[in-house]
Every structure is written in structure tokens, then in C-alpha cells.
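Step one of this worksheet: look at the structure below.
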Amino acid sequence: MHGREDPTSVHVSDVGLEGSDYFSWTGSFPRCDAGDVTTTPAPSGPRRAPGSAGAGVRQPATGLHSHDRVGGQRALPRPSRPRAAPAADATPTGAGAVVDTLVLGRRVRHLRTARGMTLDDLGRAIGRAPSQVSMLENGHREPKLSLLSQVADALGVPLGDLLSSEPPTRRAALEVELERAQRGPLFASLGVPQVKVGKSLPSDALEALVALQDQVQRLLTENAATPEEARRANADLRARMRAQDNYFPELEEHARALLDAVGHHGGPLSQRATAEIAAHLGFTLHYVADLPHSTRTVTDLAHGRIYLPQAGSAHTDSRSPLLQAVASHVLGHTEPADYADFLRQRVEANYLAAALMIPEASAVEFLTEAKAERRLSVEDLRDTYAVPYETAAHRFTNLATRHLQVPVHFMKVHEGGTLHKAYENDGVVFPSDPLGAIEGQPVCRQWTARVVFTLDDRFSPYYQYTDTSSGTFWCTSRVQGSSQGAFSVSVGTPFAHVRWFRGRETTERSASRCPEASCCREAPPTLASRWEDQAFPSARPHASLLAALPVGVFPGVDQTEVYEFLERHAPARPQA
Ligand SMILES: [Zn+2]
């Protein structure tokens with residue numbers, strides 16, 4: 001959020017997809033760039049509205065807000081990106097504040113000319129050459145506090161007037177913005193010649209240049225979210241999750257602290273306990289009928305309110321949206337800088353929400369006992385914590401390797417046969433395109449994740465051994481509905497580890513020779529010879545969302561709708 005003074009005070013969670021998405025969203029992941037794990041604290045809310053004097057707004061009662069990231073790092077890496085307005089030309093003053101030298105210079109010039117002083121006049125008054133005054137006014141100079149005091153004296157204003165962060169005029173504000181842009185990475189990368197920002201530049205030209213650079217910045221940001229970019233980011237993050245066995249200690253720590261605060265230590269997390277967590281963080285809950293269509297929840301950070309739908313979707317756990325909103329707050333998520341940042345936030349929030357519903361300590365105890373008795377089961381984990389199957393499956397992958405020494409894989413596959421998202425650290429080889437992206441790829445018809453769709457019984461767990469080119473795997477799979485059609489959710493492990501699982505005695509077995517085309521991608525010869533050249537199917541638009549990545553600050557979210565909604569529901573504004 002560099003370069004912006006006032007990050008939005010709104011959190012928008014999710015955009016209408018069902019389920020808990022640890023692994024991707026529209027098949028995309030934040031890019032992994034460990035070199036840029038930032039420790040910059042993000043502004044935290046809820047913030048007190050000016051003049052509200054705290055009435056009705058409880059401040060966070062926990063230390064667990066954005067300034068206190070465990071370990072001082074984000075749980076997931078933040079992608080590197082060009083930043084607007086590098087602060088390199090700002091100088092710490094004696095007061096420890098960071099002064100924007102561009103704004104400072106404009107203020108000095110404004111005050112000087114208002115007093116009818118020339119550069120010479122001011123230079124003489126402070127015992128400096130006129131060129132040095134000019135440097136100061138152009139923001140090229142990093143003034144010492146002692147010099148600023150002299151300048152303030154010479155201009156007859158308090159020092160604070162010089163240090164104000166407000167440009168003195170609209171024209172000055174535009175000049176500052178253009179100067180800043182010209183010194184920033186965008187101009188550098190485009191190789192655009194610079195214009196001299198001075199009196200000779202007409203105001204309308206100045207307006208146009210500033211608007212143009214804003215638009216270019218916006219277009220580039222949108223372009224960053226191309227499917228290619230998203231796929232690459234996804235592959236990178238999957239590699240990082242694999243390296244961490246999909247276990248993130250910082251997020252577990254956040255969950256532990258929150259659950260301790262409300263005295264919850266095991267078993268299903270009740271609706272009441274969920275609400276207590278929100279209250280503990282200073283939020284009141286408001287169930288509304290007119291939540292913006294593109295959102296699951298909206299958080300008003302200014303007033304400490306979380307807006308939730310009155311009726312949950314049939315496919316979701318009603319606790320999830322609230323917990324994800326709470327998680328975003330606890331993790332200090334602010335307006336995403338770009339698409340990858342948005343995805344990183346989403347993965348973090350979903351992980352933390354699940355860690356609240358299935359606490360690490362009690363779940364590990366439960367799973368360790370199950371392993372000792374050779375009856376590990378995702379179903380049992382689901383039932384013990386009263387969570388959706390997909391949540392239990394995801395959570396199992398978080399804990400299985402780190403705590404049970406069992407490598408695993410996870411897949412979510414659309415009924416059309418395409419891979420929606422997946423994770424593995426057990427050596428299974430997912431179908432992939434030449435660049436290593438797996439989203440939208442066809443899954444072998446012989447795999448458990450596909451075979452399960454052919455069964456009449458969709459309520460009992462299905463188990464199967466599958467021989468693949470990378471070894472024999474055992475898998476358990478279930479089908480679940482969603483507004484985008486049915487999906488199978490599968491968890492599997494290599495043959496060597498199946499002895500810990502319930503369902504290992506299954507006699508279901510199949511062999512996959514994919515990616516050999518003759519395995520399942522080519523039609524059987526008899527059928528082919530009968531129908532070749534006689535069929536012309538019309539393709540259905542792909543269920544995968546890869547083709548249409550939404551754009552915008554919160555991708556897929558209609559910001560106007562969100563702001564109108566907040567206006568409608570916000571407490572009456574106190575008279576200023
Ligand atoms: Zn196959």
C-alpha cells in the first residue's frame with residue numbers, strides 16, 4: 001500500500017464461490033517471491049470514525065491485529081511488484097517523521113511567492129545560495145531540521161506549516177503527483193521522456209499527464225492478472241506450499257491465540273463461539289438482506305461492523321464467511337495491491353478460518369490416536385468438527401505430513417473432468433500443461449477423482465487404488481454439489497502409507513497410463529471408427545474460470561455497489 005495515504009477502510013471478502021479455497025481461486029495463486037516478505041505493518045481497523053468518540057465502537061481487545069504478525073512476517077509471501085511513489089526522496093526529520101520533500105518544496109514555494117519573495121530574498125534570509133533554495137523547492141534536497149526552522153522563520157510561519165503533508169494548492173498537488181510518477185518505476189520501465197514540471201507547463205496539460213499515468217498504471221495492474229500470470233503464480237505458490245507441507249505455523253499461532261481468547265479448545269466451533277471471536281476483536285455483526293451480490297461479507301472497519309447475509313448458501317458452512325472476514329482483519333489485510341496480493345490474502349484467510357474451526361492441538365490429538373489405531377479418515381475429522389467435507393480434507397493436508405508423517409495429495413475435480421485445484425507432497429503427478437500449470441487440465445478417467453462420478457452411491461466414501469506412472473496411490477473421494485456443478489474432492493496417499501487409513505481394504509483398483517493418449521484421451525478404436533467424421537459437438541463454455549479472470553482492486557467485486565451498500569447501512573454521521 002505504499003504511496004497511498006489512506007488505504008480503504010473496507011474489507012470485502014470473497015466473490016461468491018462456494019467452499020473454502022485454500023489452494024486457489026479461479027485456479028490462481030499468489031506468486032511466491034520469498035525475497036519480498038515484507039514486514040511493513042498495514043494500517044489496521046476498525047478505526048474510529050472522526051468525531052464518533054468511540055461510541056459503540058469497541059476497539060480490538062486483542063494484541064492480535066495487523067501490527068502484530070506472528071514472527072513479523074506474512075504467512076505467505078507477498079509478491080514483488082512495482083510500487084508507485086518510492087519514498088527514497090523523503091527524509092526523516094529530527095522528529096522522526098518522514099517528510100515528503102516534494103510536498104515540502106511546494107509549500108515553501110507557495111509561501112515564498114505569496115510573500116512576494118524571490119529565491120534571492122529567501123536565500124539571503126537563511127544564508128544560502130538561491131540555487132540551494134531552488135533545490136529545496138523542487139524536492140531535490142533533503143533538508144535538515146535546522147535549515148527548515150530557518151526557512152520557517154524567514155517566511156514567518158510555524159515549522160508545522162512547512163511539514164504538513166497537504167500540497168498547498170490543486171496545481172501543486174498535480175505537480176507533486178507528476179513529479180512522483182516521473183521518478184517512479186512506471187516511467188522508468190516505459191522509457192517515456194520526462195517533462196519539466198514548472199510554471200511553463202499549462203495546467204490542462206498537467207491534468208492530462210497525471211490522468212494518463214493513472215490510467216496506464218491501472219491498465220498494467222489489470223494486465224498483471226492475465227491467465228498466464230495467474231497460472232505461473234499458481235505453480236509457484238503450489239511449490240512453496242509443497243515445501244512447507246502445506247503447514248503455516250504463523251497462521252496456526254493466530255488461530256490458537258484467538259481460540260484461547262474465547263476459551264475454545266476443541267470440538268465443533270459453535271455459531272456462538274464464532275460470534276464471540278468477532279466481538280473479541282471489536283466487531284458487531286449485522287445480518288442484512290441486501291448484501292452486494294458480488295460479496296460474501298463486507299466489513300466496515302470505520303464502525304467495527306461485519307455485514308453478513310441473512311440466509312447462507314446451501315453449499316456453504318455459515319460460519320465460514322464470518323471467520324474469513326475475521327481472519328482478514330486479524331491478518332491485517334488491506335486493499336490488495338494487485339491480483340496476486342488478493343489471492344495471497346484469500347489463501348491466508350481461508351487457512352486461518354479452517355484452523356479456527358479445526359484447532360491444531362485437539363485435531364492432532366484426534367488424528368494421532370486414529371493413526372495409532374489405523375483408522376485415519378477425513379470423514380471422521382469432518383464429523384468431529386462439524387465442518388464441510390472439503391474443509392476437513394484441506395485441513396487434513398495441513399496436519400498430515402507435519403504431525404503424522406504422512407505425505408498426501410488433494411484434488412478438486414469438476415464433473416466435466418477438469419482439475420479445479422490440487423496440492424501434493426506425495427509424488428503424485430497431476431496432469432499439467434507444458435508450463436507446469438494444472439488448472440483446467442483433464443484428469444485421467446481412471447483416477448478415483450473421476451471414477452467416483454460414475455457411482456450411483458454418492459453418500460458413502462469411495463476408496464480406490466490406482467496404479468500410475470509415478471507409483472500406486474490410494475485415494476478417497478466424495479462428490480459435492482455447487483452452483484457451478486458437481487465436484488469431487490479427493491485425498492490420497494502413496495501405497496506405503498495407506499496402512500494408517502480406514503478404507504485400505506478396498507478391492508477397487510484401476511490402472512492409469514496417462515499422459516499416454518491411448519489411456520483415456522482417445523476414444524476406443526471401435527467407437528472411433530464408427531463415429532469419426534460423423535459427430536459435431538458444440539462445446540459448452542468451460543466451467544473453469546480461467547478464461548475470465550475478473551479485474552479490479554477486489555477482483556470480481558463491484559466496488560460502487562459495496563460503497564453504496566455501506567452508505568446505506570453506516571451509522572448516522574455525526575455533525576462535524
Ligand atoms: Zn488416463
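Residues are named by chain letter and number: chains run A, B, ... in the order of the C-alpha cells, numbers start at 1 in each chain, and ligands are numbered from 1 in the order shown.
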field: Within 9 Å of ligand 1, counting only C-alpha atoms and all ligand atoms, residues as a PyMOL selection string
entry: chain A and resi 443-447+511-521
Export, as a compact mmCIF listing (two decimals), in the first residue's frame, the selected residues with N, CA and C atoms.
# COMPACT_ATOMS: atom_id res chain seq x y z
N VAL A 443 -8.33 -34.64 -16.07
CA VAL A 443 -7.83 -35.68 -15.15
C VAL A 443 -8.13 -37.03 -15.76
N CYS A 444 -7.22 -37.94 -15.58
CA CYS A 444 -7.39 -39.30 -16.13
C CYS A 444 -8.71 -39.91 -15.67
N ARG A 445 -9.41 -40.53 -16.61
CA ARG A 445 -10.69 -41.17 -16.30
C ARG A 445 -10.54 -42.31 -15.29
N GLN A 446 -9.34 -42.85 -15.16
CA GLN A 446 -9.14 -43.99 -14.26
C GLN A 446 -8.90 -43.56 -12.81
N TRP A 447 -8.64 -42.31 -12.61
CA TRP A 447 -8.34 -41.86 -11.26
C TRP A 447 -9.60 -41.83 -10.40
N ALA A 511 -5.87 -48.87 -13.31
CA ALA A 511 -4.55 -48.52 -13.82
C ALA A 511 -4.67 -47.34 -14.76
N SER A 512 -3.81 -46.39 -14.57
CA SER A 512 -3.79 -45.19 -15.42
C SER A 512 -2.47 -45.14 -16.17
N ARG A 513 -2.56 -44.96 -17.49
CA ARG A 513 -1.33 -44.82 -18.29
C ARG A 513 -1.17 -43.39 -18.80
N CYS A 514 -2.08 -42.49 -18.33
CA CYS A 514 -1.94 -41.09 -18.74
C CYS A 514 -0.55 -40.61 -18.33
N PRO A 515 0.08 -39.74 -19.08
CA PRO A 515 -0.48 -38.96 -20.20
C PRO A 515 -0.42 -39.65 -21.55
N GLU A 516 -0.18 -40.96 -21.61
CA GLU A 516 -0.31 -41.66 -22.91
C GLU A 516 -1.72 -41.45 -23.43
N ALA A 517 -1.84 -41.00 -24.66
CA ALA A 517 -3.16 -40.66 -25.20
C ALA A 517 -4.08 -41.87 -25.22
N SER A 518 -3.50 -43.05 -25.42
CA SER A 518 -4.33 -44.24 -25.54
C SER A 518 -4.96 -44.65 -24.21
N CYS A 519 -4.51 -44.05 -23.10
CA CYS A 519 -5.08 -44.40 -21.80
C CYS A 519 -6.56 -44.05 -21.75
N CYS A 520 -6.87 -42.79 -21.97
CA CYS A 520 -8.28 -42.40 -21.89
C CYS A 520 -8.62 -41.17 -22.71
N ARG A 521 -7.64 -40.56 -23.34
CA ARG A 521 -7.96 -39.34 -24.08
C ARG A 521 -8.41 -39.62 -25.52
- request: Can you pull out every residue within 9 Å of His140 in chain A, counting only C-alpha atoms, but drop anything in the same chain fewer than 6 positions away, and send it as a list in words?
  value: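 Counting only C-alpha atoms, the residues come to Asp89, Thr101, Leu102, Gly105 and Ser134 of chain A.
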- request: Can you work out which one of A:Ser328, A:Thr507, A:Thr299, A:Asn398 has the shortest atom-to-atom distance to Glu252 in chain A, counting only C-alpha atoms?
  value: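 Using only C-alpha atoms, Glu252 in chain A sits closest to A:Asn398.
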DSSP says alpha helix (DSSP H) for which residues of range 227-440 of chain A? Put them as a CSV table (one decimal) with N, CA and C atoms, in the first residue's frame?
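states.csv, freshly written:
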chain,number,residue,atom,x,y,z
A,227,PRO,N,-4.5,-14.8,-17.5
A,227,PRO,CA,-4.5,-16.2,-17.1
A,227,PRO,C,-3.0,-16.7,-17.1
A,228,GLU,N,-2.2,-16.3,-17.9
A,228,GLU,CA,-0.8,-16.8,-17.9
A,228,GLU,C,-0.1,-16.4,-16.6
A,229,GLU,N,-0.3,-15.2,-16.2
A,229,GLU,CA,0.3,-14.7,-15.0
A,229,GLU,C,-0.3,-15.5,-13.8
A,230,ALA,N,-1.6,-15.7,-13.8
A,230,ALA,CA,-2.2,-16.4,-12.7
A,230,ALA,C,-1.7,-17.8,-12.7
A,231,ARG,N,-1.6,-18.5,-13.8
A,231,ARG,CA,-1.1,-19.8,-13.8
A,231,ARG,C,0.3,-20.0,-13.3
A,232,ARG,N,1.1,-19.0,-13.7
A,232,ARG,CA,2.5,-19.1,-13.2
A,232,ARG,C,2.6,-18.9,-11.7
A,233,ALA,N,1.8,-17.9,-11.3
A,233,ALA,CA,1.7,-17.6,-9.8
A,233,ALA,C,1.2,-18.8,-9.1
A,234,ASN,N,0.3,-19.5,-9.6
A,234,ASN,CA,-0.3,-20.7,-9.0
A,234,ASN,C,0.7,-21.8,-8.9
A,235,ALA,N,1.5,-22.0,-9.9
A,235,ALA,CA,2.5,-23.1,-9.9
A,235,ALA,C,3.6,-22.7,-8.8
A,236,ASP,N,4.0,-21.5,-8.8
A,236,ASP,CA,5.0,-21.0,-7.8
A,236,ASP,C,4.5,-21.3,-6.4
A,237,LEU,N,3.3,-20.9,-6.1
A,237,LEU,CA,2.8,-21.0,-4.8
A,237,LEU,C,2.6,-22.5,-4.4
A,238,ARG,N,2.2,-23.2,-5.4
A,238,ARG,CA,2.0,-24.7,-5.1
A,238,ARG,C,3.3,-25.3,-4.7
A,239,ALA,N,4.4,-24.8,-5.3
A,239,ALA,CA,5.7,-25.3,-5.0
A,239,ALA,C,6.1,-24.9,-3.6
A,240,ARG,N,5.7,-23.7,-3.2
A,240,ARG,CA,6.0,-23.3,-1.8
A,240,ARG,C,5.2,-24.0,-0.8
A,241,MET,N,4.0,-24.3,-1.1
A,241,MET,CA,3.1,-25.0,-0.1
A,241,MET,C,3.7,-26.4,0.0
A,242,ARG,N,4.1,-27.0,-1.1
A,242,ARG,CA,4.7,-28.3,-1.1
A,242,ARG,C,5.9,-28.3,-0.1
A,243,ALA,N,6.8,-27.3,-0.3
A,243,ALA,CA,8.0,-27.2,0.5
A,243,ALA,C,7.7,-27.1,2.0
A,249,PRO,N,2.9,-22.2,10.3
A,249,PRO,CA,2.9,-22.0,11.8
A,249,PRO,C,2.4,-20.7,12.2
A,250,GLU,N,2.6,-19.6,11.4
A,250,GLU,CA,2.1,-18.3,11.9
A,250,GLU,C,0.6,-18.3,11.9
A,251,LEU,N,0.0,-18.9,10.9
A,251,LEU,CA,-1.5,-18.9,10.9
A,251,LEU,C,-2.0,-19.8,12.0
A,252,GLU,N,-1.3,-20.9,12.3
A,252,GLU,CA,-1.8,-21.7,13.4
A,252,GLU,C,-1.7,-20.9,14.7
A,253,GLU,N,-0.7,-20.1,14.9
A,253,GLU,CA,-0.5,-19.3,16.1
A,253,GLU,C,-1.6,-18.3,16.3
A,254,HIS,N,-2.0,-17.7,15.2
A,254,HIS,CA,-3.1,-16.7,15.2
A,254,HIS,C,-4.3,-17.4,15.7
A,255,ALA,N,-4.6,-18.6,15.1
A,255,ALA,CA,-5.8,-19.3,15.5
A,255,ALA,C,-5.8,-19.7,16.9
A,256,ARG,N,-4.6,-20.2,17.4
A,256,ARG,CA,-4.5,-20.6,18.8
A,256,ARG,C,-4.8,-19.4,19.7
A,257,ALA,N,-4.3,-18.2,19.4
A,257,ALA,CA,-4.5,-17.0,20.3
A,257,ALA,C,-5.9,-16.6,20.3
A,258,LEU,N,-6.6,-16.7,19.2
A,258,LEU,CA,-8.0,-16.3,19.1
A,258,LEU,C,-8.9,-17.3,19.9
A,259,LEU,N,-8.6,-18.5,19.7
A,259,LEU,CA,-9.4,-19.5,20.4
A,259,LEU,C,-9.2,-19.5,21.9
A,260,ASP,N,-7.9,-19.2,22.3
A,260,ASP,CA,-7.6,-19.1,23.7
A,260,ASP,C,-8.4,-17.9,24.3
A,261,ALA,N,-8.5,-16.8,23.5
A,261,ALA,CA,-9.2,-15.6,24.0
A,261,ALA,C,-10.7,-15.9,24.3
A,271,GLN,N,-21.7,-21.5,16.5
A,271,GLN,CA,-22.0,-20.2,16.0
A,271,GLN,C,-21.8,-19.1,17.1
A,272,ARG,N,-22.1,-19.5,18.3
A,272,ARG,CA,-21.9,-18.5,19.4
A,272,ARG,C,-20.4,-18.2,19.6
A,273,ALA,N,-19.6,-19.2,19.6
A,273,ALA,CA,-18.2,-19.0,19.8
A,273,ALA,C,-17.6,-18.2,18.6
A,274,THR,N,-18.2,-18.5,17.4
A,274,THR,CA,-17.7,-17.7,16.2
A,274,THR,C,-18.0,-16.2,16.4
A,275,ALA,N,-19.2,-15.9,16.9
A,275,ALA,CA,-19.6,-14.5,17.2
A,275,ALA,C,-18.8,-13.9,18.3
A,276,GLU,N,-18.4,-14.8,19.3
A,276,GLU,CA,-17.6,-14.2,20.4
A,276,GLU,C,-16.2,-13.8,19.9
A,277,ILE,N,-15.7,-14.6,18.9
A,277,ILE,CA,-14.4,-14.2,18.3
A,277,ILE,C,-14.5,-12.8,17.7
A,278,ALA,N,-15.6,-12.6,16.9
A,278,ALA,CA,-15.8,-11.3,16.3
A,278,ALA,C,-15.9,-10.2,17.3
A,279,ALA,N,-16.7,-10.5,18.4
A,279,ALA,CA,-16.9,-9.5,19.4
A,279,ALA,C,-15.6,-9.2,20.1
A,280,HIS,N,-14.8,-10.2,20.3
A,280,HIS,CA,-13.5,-10.1,21.0
A,280,HIS,C,-12.6,-9.1,20.2
A,319,ARG,N,-20.6,-20.5,9.1
A,319,ARG,CA,-19.5,-19.9,9.9
A,319,ARG,C,-18.4,-19.4,9.1
A,320,SER,N,-18.2,-20.0,7.9
A,320,SER,CA,-17.0,-19.7,7.1
A,320,SER,C,-16.9,-18.2,6.7
A,321,PRO,N,-18.0,-17.6,6.1
A,321,PRO,CA,-17.8,-16.2,5.7
A,321,PRO,C,-17.4,-15.3,6.8
A,322,LEU,N,-18.0,-15.5,8.0
A,322,LEU,CA,-17.7,-14.6,9.2
A,322,LEU,C,-16.2,-14.9,9.6
A,323,LEU,N,-15.8,-16.2,9.7
A,323,LEU,CA,-14.5,-16.4,10.1
A,323,LEU,C,-13.4,-15.9,9.1
A,324,GLN,N,-13.8,-15.9,7.8
A,324,GLN,CA,-12.9,-15.4,6.8
A,324,GLN,C,-12.7,-13.9,6.9
A,325,ALA,N,-13.9,-13.2,7.2
A,325,ALA,CA,-13.8,-11.8,7.4
A,325,ALA,C,-12.9,-11.5,8.6
A,326,VAL,N,-13.2,-12.2,9.7
A,326,VAL,CA,-12.4,-12.0,10.9
A,326,VAL,C,-10.9,-12.3,10.6
A,327,ALA,N,-10.6,-13.3,9.9
A,327,ALA,CA,-9.2,-13.7,9.6
A,327,ALA,C,-8.6,-12.6,8.8
A,328,SER,N,-9.3,-12.0,7.8
A,328,SER,CA,-8.7,-10.9,7.1
A,328,SER,C,-8.3,-9.8,8.0
A,329,HIS,N,-9.1,-9.5,8.9
A,329,HIS,CA,-8.8,-8.4,9.8
A,329,HIS,C,-7.6,-8.7,10.7
A,330,VAL,N,-7.6,-9.9,11.3
A,330,VAL,CA,-6.5,-10.3,12.2
A,330,VAL,C,-5.2,-10.3,11.4
A,339,TYR,N,-3.6,-8.3,-8.1
A,339,TYR,CA,-4.3,-9.5,-8.2
A,339,TYR,C,-3.6,-10.6,-7.3
A,340,ALA,N,-2.3,-10.8,-7.4
A,340,ALA,CA,-1.6,-11.8,-6.7
A,340,ALA,C,-1.8,-11.6,-5.2
A,341,ASP,N,-1.7,-10.3,-4.8
A,341,ASP,CA,-1.9,-10.0,-3.4
A,341,ASP,C,-3.3,-10.4,-2.9
A,342,PHE,N,-4.3,-10.1,-3.7
A,342,PHE,CA,-5.6,-10.5,-3.4
A,342,PHE,C,-5.7,-12.1,-3.2
A,343,LEU,N,-5.0,-12.8,-4.0
A,343,LEU,CA,-5.1,-14.3,-3.9
A,343,LEU,C,-4.3,-14.7,-2.7
A,344,ARG,N,-3.2,-14.1,-2.4
A,344,ARG,CA,-2.5,-14.5,-1.2
A,344,ARG,C,-3.4,-14.3,0.1
A,345,GLN,N,-4.0,-13.1,0.1
A,345,GLN,CA,-4.9,-12.8,1.2
A,345,GLN,C,-6.0,-13.9,1.4
A,346,ARG,N,-6.5,-14.2,0.2
A,346,ARG,CA,-7.6,-15.2,0.2
A,346,ARG,C,-7.1,-16.6,0.8
A,347,VAL,N,-6.0,-17.0,0.3
A,347,VAL,CA,-5.5,-18.3,0.8
A,347,VAL,C,-5.2,-18.2,2.3
A,348,GLU,N,-4.6,-17.1,2.8
A,348,GLU,CA,-4.4,-17.0,4.2
A,348,GLU,C,-5.6,-17.0,5.0
A,349,ALA,N,-6.6,-16.2,4.6
A,349,ALA,CA,-7.9,-16.1,5.3
A,349,ALA,C,-8.6,-17.4,5.4
A,350,ASN,N,-8.5,-18.2,4.3
A,350,ASN,CA,-9.2,-19.5,4.3
A,350,ASN,C,-8.5,-20.5,5.2
A,351,TYR,N,-7.2,-20.4,5.2
A,351,TYR,CA,-6.4,-21.3,6.1
A,351,TYR,C,-6.7,-21.0,7.6
A,352,LEU,N,-6.7,-19.7,7.9
A,352,LEU,CA,-7.0,-19.3,9.3
A,352,LEU,C,-8.4,-19.6,9.7
A,353,ALA,N,-9.3,-19.4,8.8
A,353,ALA,CA,-10.7,-19.8,9.2
A,353,ALA,C,-10.9,-21.3,9.5
A,354,ALA,N,-10.2,-22.1,8.7
A,354,ALA,CA,-10.3,-23.5,8.9
A,354,ALA,C,-9.5,-23.9,10.2
A,355,ALA,N,-8.4,-23.2,10.5
A,355,ALA,CA,-7.7,-23.5,11.7
A,355,ALA,C,-8.5,-23.1,12.9
A,356,LEU,N,-9.4,-22.2,12.8
A,356,LEU,CA,-10.3,-21.9,13.9
A,356,LEU,C,-11.4,-22.9,14.1
A,357,MET,N,-11.9,-23.5,12.9
A,357,MET,CA,-12.9,-24.5,13.0
A,357,MET,C,-12.4,-25.8,13.4
A,360,GLU,N,-5.6,-26.9,15.8
A,360,GLU,CA,-4.5,-27.8,15.6
A,360,GLU,C,-4.3,-28.7,16.8
A,361,ALA,N,-4.3,-28.2,18.0
A,361,ALA,CA,-3.9,-29.1,19.1
A,361,ALA,C,-4.9,-30.3,19.3
A,362,SER,N,-6.2,-30.0,19.3
A,362,SER,CA,-7.1,-31.0,19.5
A,362,SER,C,-7.2,-31.9,18.3
A,363,ALA,N,-7.1,-31.4,17.1
A,363,ALA,CA,-7.2,-32.2,15.9
A,363,ALA,C,-6.0,-33.1,15.8
A,364,VAL,N,-4.8,-32.6,16.2
A,364,VAL,CA,-3.6,-33.5,16.1
A,364,VAL,C,-3.8,-34.7,17.1
A,365,GLU,N,-4.3,-34.4,18.3
A,365,GLU,CA,-4.5,-35.4,19.3
A,365,GLU,C,-5.5,-36.5,18.7
A,366,PHE,N,-6.6,-36.0,18.1
A,366,PHE,CA,-7.6,-36.8,17.5
A,366,PHE,C,-7.0,-37.7,16.3
A,367,LEU,N,-6.2,-37.0,15.5
A,367,LEU,CA,-5.6,-37.7,14.3
A,367,LEU,C,-4.5,-38.7,14.7
A,368,THR,N,-3.7,-38.3,15.8
A,368,THR,CA,-2.7,-39.2,16.2
A,368,THR,C,-3.2,-40.5,16.8
A,369,GLU,N,-4.3,-40.4,17.5
A,369,GLU,CA,-5.0,-41.6,18.1
A,369,GLU,C,-5.5,-42.4,16.9
A,370,ALA,N,-6.1,-41.8,15.9
A,370,ALA,CA,-6.7,-42.5,14.8
A,370,ALA,C,-5.6,-43.2,14.0
A,371,LYS,N,-4.4,-42.6,13.9
A,371,LYS,CA,-3.4,-43.2,13.2
A,371,LYS,C,-2.9,-44.4,13.9
A,372,ALA,N,-2.7,-44.3,15.3
A,372,ALA,CA,-2.3,-45.4,16.1
A,372,ALA,C,-3.2,-46.6,16.0
A,378,VAL,N,-10.9,-38.9,6.7
A,378,VAL,CA,-11.3,-37.5,6.5
A,378,VAL,C,-12.8,-37.3,7.0
A,379,GLU,N,-13.6,-38.4,6.8
A,379,GLU,CA,-15.0,-38.3,7.2
A,379,GLU,C,-15.1,-38.1,8.7
A,380,ASP,N,-14.2,-38.9,9.5
A,380,ASP,CA,-14.3,-38.7,10.9
A,380,ASP,C,-13.8,-37.3,11.3
A,381,LEU,N,-12.9,-36.8,10.7
A,381,LEU,CA,-12.4,-35.4,11.0
A,381,LEU,C,-13.6,-34.4,10.7
A,382,ARG,N,-14.2,-34.6,9.6
A,382,ARG,CA,-15.4,-33.8,9.3
A,382,ARG,C,-16.5,-33.9,10.3
A,383,ASP,N,-16.8,-35.1,10.8
A,383,ASP,CA,-17.9,-35.3,11.7
A,383,ASP,C,-17.5,-34.8,13.1
A,384,THR,N,-16.3,-34.9,13.5
A,384,THR,CA,-15.8,-34.5,14.8
A,384,THR,C,-15.9,-33.0,15.0
A,385,TYR,N,-15.6,-32.3,13.9
A,385,TYR,CA,-15.6,-30.8,14.0
A,385,TYR,C,-16.8,-30.2,13.3
A,389,TYR,N,-17.1,-31.4,4.1
A,389,TYR,CA,-16.0,-32.4,3.7
A,389,TYR,C,-14.8,-31.7,3.2
A,390,GLU,N,-15.0,-30.7,2.3
A,390,GLU,CA,-13.9,-30.1,1.7
A,390,GLU,C,-13.0,-29.4,2.7
A,391,THR,N,-13.6,-28.8,3.7
A,391,THR,CA,-12.8,-28.1,4.8
A,391,THR,C,-12.0,-29.1,5.5
A,392,ALA,N,-12.6,-30.3,5.8
A,392,ALA,CA,-11.9,-31.4,6.6
A,392,ALA,C,-10.7,-31.9,5.7
A,393,ALA,N,-11.0,-32.0,4.4
A,393,ALA,CA,-10.0,-32.6,3.5
A,393,ALA,C,-8.8,-31.6,3.4
A,394,HIS,N,-9.1,-30.3,3.3
A,394,HIS,CA,-8.0,-29.3,3.3
A,394,HIS,C,-7.2,-29.4,4.6
A,395,ARG,N,-7.9,-29.4,5.6
A,395,ARG,CA,-7.3,-29.3,7.0
A,395,ARG,C,-6.4,-30.5,7.2
A,396,PHE,N,-6.9,-31.6,6.7
A,396,PHE,CA,-6.1,-32.9,6.8
A,396,PHE,C,-4.8,-32.7,6.2
A,397,THR,N,-4.8,-32.0,5.0
A,397,THR,CA,-3.5,-31.9,4.3
A,397,THR,C,-2.5,-30.9,5.1
A,398,ASN,N,-3.1,-30.0,5.9
A,398,ASN,CA,-2.3,-29.1,6.7
A,398,ASN,C,-1.5,-29.9,7.7
A,399,LEU,N,-2.2,-30.9,8.3
A,399,LEU,CA,-1.7,-31.5,9.5
A,399,LEU,C,-1.0,-32.9,9.3
A,400,ALA,N,-1.4,-33.5,8.2
A,400,ALA,CA,-1.0,-34.9,8.0
A,400,ALA,C,0.5,-35.1,7.9
A,401,THR,N,1.2,-34.3,7.2
A,401,THR,CA,2.6,-34.5,7.0
A,401,THR,C,3.4,-34.0,8.2
A,402,ARG,N,3.1,-32.8,8.6
A,402,ARG,CA,3.9,-32.2,9.7
A,402,ARG,C,3.7,-33.0,11.0
A,403,HIS,N,2.5,-33.5,11.3
A,403,HIS,CA,2.2,-34.1,12.6
A,403,HIS,C,2.1,-35.6,12.5
A,404,LEU,N,1.8,-36.2,11.4
A,404,LEU,CA,1.5,-37.6,11.3
A,404,LEU,C,2.6,-38.3,10.4
Members of range 289-356 of chain A assigned strand (DSSP E) by DSSP, as a VMD selection string: chain A and resid 297 to 300 305 to 309
